[in-house]
Amino acid sequence: MLREKIMFIDELTPEEGITITGFGKPEAIYKKIPEILSKVLQISKRDVLEKKHERDENKIKANWEIVKFLDEYSYYHFEFSFQGTKNGNIKIHFTAKLKTELLREYLWQKSVLYEFFRTLWYEYIYTRKRKKYLEEGYEIVDYIVSHIKSLLR
């Protein structure tokens with residue numbers, strides 16, 4: 001068996017990501033972020049995976065990762081980091097990508113005929129679907145930015 005993967009990655013945010021800073025209540029905003037993400041991506045709160053959490057009397061730091069599958073080939077991948085200090089300074093940074101993976105697992109999938117039909121399918125059929133996913137992804141990013149900014153002063 002052969003395991004090969006062809007991956008296409010489109011940035012939904014600038015490559016360096018989006019950083020939002022402001023003032024607010026760190027504890028309240030920290031709790032709101034997973035709610036916003038689950039609502040906009042239409043996933044449950046448990047699918048907003050908290051990868052890291054640090055807390056002491058002066059600050060809160062957390063990182064989340066979200067993978068939202070769109071179909072058997074494509075998914076959104078979001079990474080968020082949150083920093084809040086006792087005096088109300090808040091910094092939120094995130095990146096978002098649309099990823100498409102086309103697996104080649106069997107030897108026959110390396111044949112010229114298979115590649116020809118896969119290329120035709122991808123270029124003429126699946127590309128339209130990916131463009132739709134991209135447009136939706138940009139809208140999701142705009143929604144997330146506006147909702148987070150509305151929480152900050």
# chains A, B, ... in the order shown; residues from 1 in each chain; ligands from 1
>>> residues_around(residues="His53 in chain A", least_positions_apart="4", cutoff="8 Å", atoms="only C-alpha atoms", output="PyMOL selection string")
chain A and resi 60-63
>>> residues_around(residues="Lys39 in chain A", least_positions_apart="4", cutoff="12 Å", atoms="only C-alpha atoms", output="PyMOL selection string")
chain A and resi 32-35+43-48+140+143-144+147
>>> write_last_selection(atoms="C-alpha atoms", output="PDB file, in the first residue's frame")
ATOM      1  CA  LYS A  32     -16.745  33.966  25.373  1.00  0.00           C
ATOM      2  CA  ILE A  33     -14.203  32.969  22.704  1.00  0.00           C
ATOM      3  CA  PRO A  34     -15.164  29.256  22.540  1.00  0.00           C
ATOM      4  CA  GLU A  35     -18.838  30.291  22.430  1.00  0.00           C
ATOM      5  CA  ILE A  43     -19.796  23.020  15.998  1.00  0.00           C
ATOM      6  CA  SER A  44     -20.175  22.001  19.622  1.00  0.00           C
ATOM      7  CA  LYS A  45     -18.094  23.713  22.300  1.00  0.00           C
ATOM      8  CA  ARG A  46     -16.183  20.480  22.929  1.00  0.00           C
ATOM      9  CA  ASP A  47     -14.866  20.652  19.364  1.00  0.00           C
ATOM     10  CA  VAL A  48     -13.110  23.908  20.265  1.00  0.00           C
ATOM     11  CA  ILE A 140     -16.343  33.552   9.026  1.00  0.00           C
ATOM     12  CA  TYR A 143     -17.567  37.636  11.718  1.00  0.00           C
ATOM     13  CA  ILE A 144     -15.056  36.433  14.318  1.00  0.00           C
ATOM     14  CA  HIS A 147     -17.527  39.851  17.420  1.00  0.00           C
TER      15      HIS A 147
END
>>> residues_around(residues="range 11-23 of chain A", least_positions_apart="2", cutoff="10 Å", atoms="only C-alpha atoms", output="PyMOL selection string")
chain A and resi 9+25-26+76-85+87-99+134-142+145+148-149+151-153
>>> select_by_dssp(residues="chain A", states="strand (DSSP E or B)", output="PyMOL selection string")
chain A and resi 4-11+18-23+49-55+59-69+74-85+89-104
>>> residues_around(residues="Glu72 in chain A", least_positions_apart="6", cutoff="12 Å", atoms="only C-alpha atoms", output="list in words")
Lys99, Thr100, Glu101, Leu102, Leu103 and Tyr126 of chain A
>>> write_last_selection(atoms="N, CA and C atoms", output="PDB file, in the first residue's frame")
ATOM      1  N   LYS A  99      -7.835  23.934   4.148  1.00  0.00           N
ATOM      2  CA  LYS A  99      -6.922  22.881   3.706  1.00  0.00           C
ATOM      3  C   LYS A  99      -7.705  21.816   2.952  1.00  0.00           C
ATOM      4  N   THR A 100      -7.107  21.364   1.864  1.00  0.00           N
ATOM      5  CA  THR A 100      -7.692  20.277   1.079  1.00  0.00           C
ATOM      6  C   THR A 100      -6.634  19.201   0.925  1.00  0.00           C
ATOM      7  N   GLU A 101      -6.979  17.978   1.286  1.00  0.00           N
ATOM      8  CA  GLU A 101      -6.067  16.843   1.194  1.00  0.00           C
ATOM      9  C   GLU A 101      -6.631  15.810   0.240  1.00  0.00           C
ATOM     10  N   LEU A 102      -5.846  15.449  -0.737  1.00  0.00           N
ATOM     11  CA  LEU A 102      -6.217  14.383  -1.662  1.00  0.00           C
ATOM     12  C   LEU A 102      -5.248  13.239  -1.424  1.00  0.00           C
ATOM     13  N   LEU A 103      -5.751  12.132  -0.913  1.00  0.00           N
ATOM     14  CA  LEU A 103      -4.901  10.994  -0.579  1.00  0.00           C
ATOM     15  C   LEU A 103      -4.731  10.077  -1.775  1.00  0.00           C
ATOM     16  N   TYR A 126     -14.226  20.179  -8.522  1.00  0.00           N
ATOM     17  CA  TYR A 126     -13.973  20.459  -7.109  1.00  0.00           C
ATOM     18  C   TYR A 126     -13.474  21.884  -6.859  1.00  0.00           C
TER      19      TYR A 126
END
>>> select_by_dssp(residues="range 19-148 of chain A", states="helix (DSSP H, G or I)", output="PyMOL selection string")
chain A and resi 26-41+45-47+107-110+112-148
>>> closest_residue(among="A:Glu50, A:Asp56, A:Glu123, A:Glu4", to="Lys86 in chain A", atoms="only C-alpha atoms")
A:Asp56
>>> atom_distance(atom1="CA of Tyr75 in chain A", atom2="CA of Tyr133 in chain A")
8.8 Å
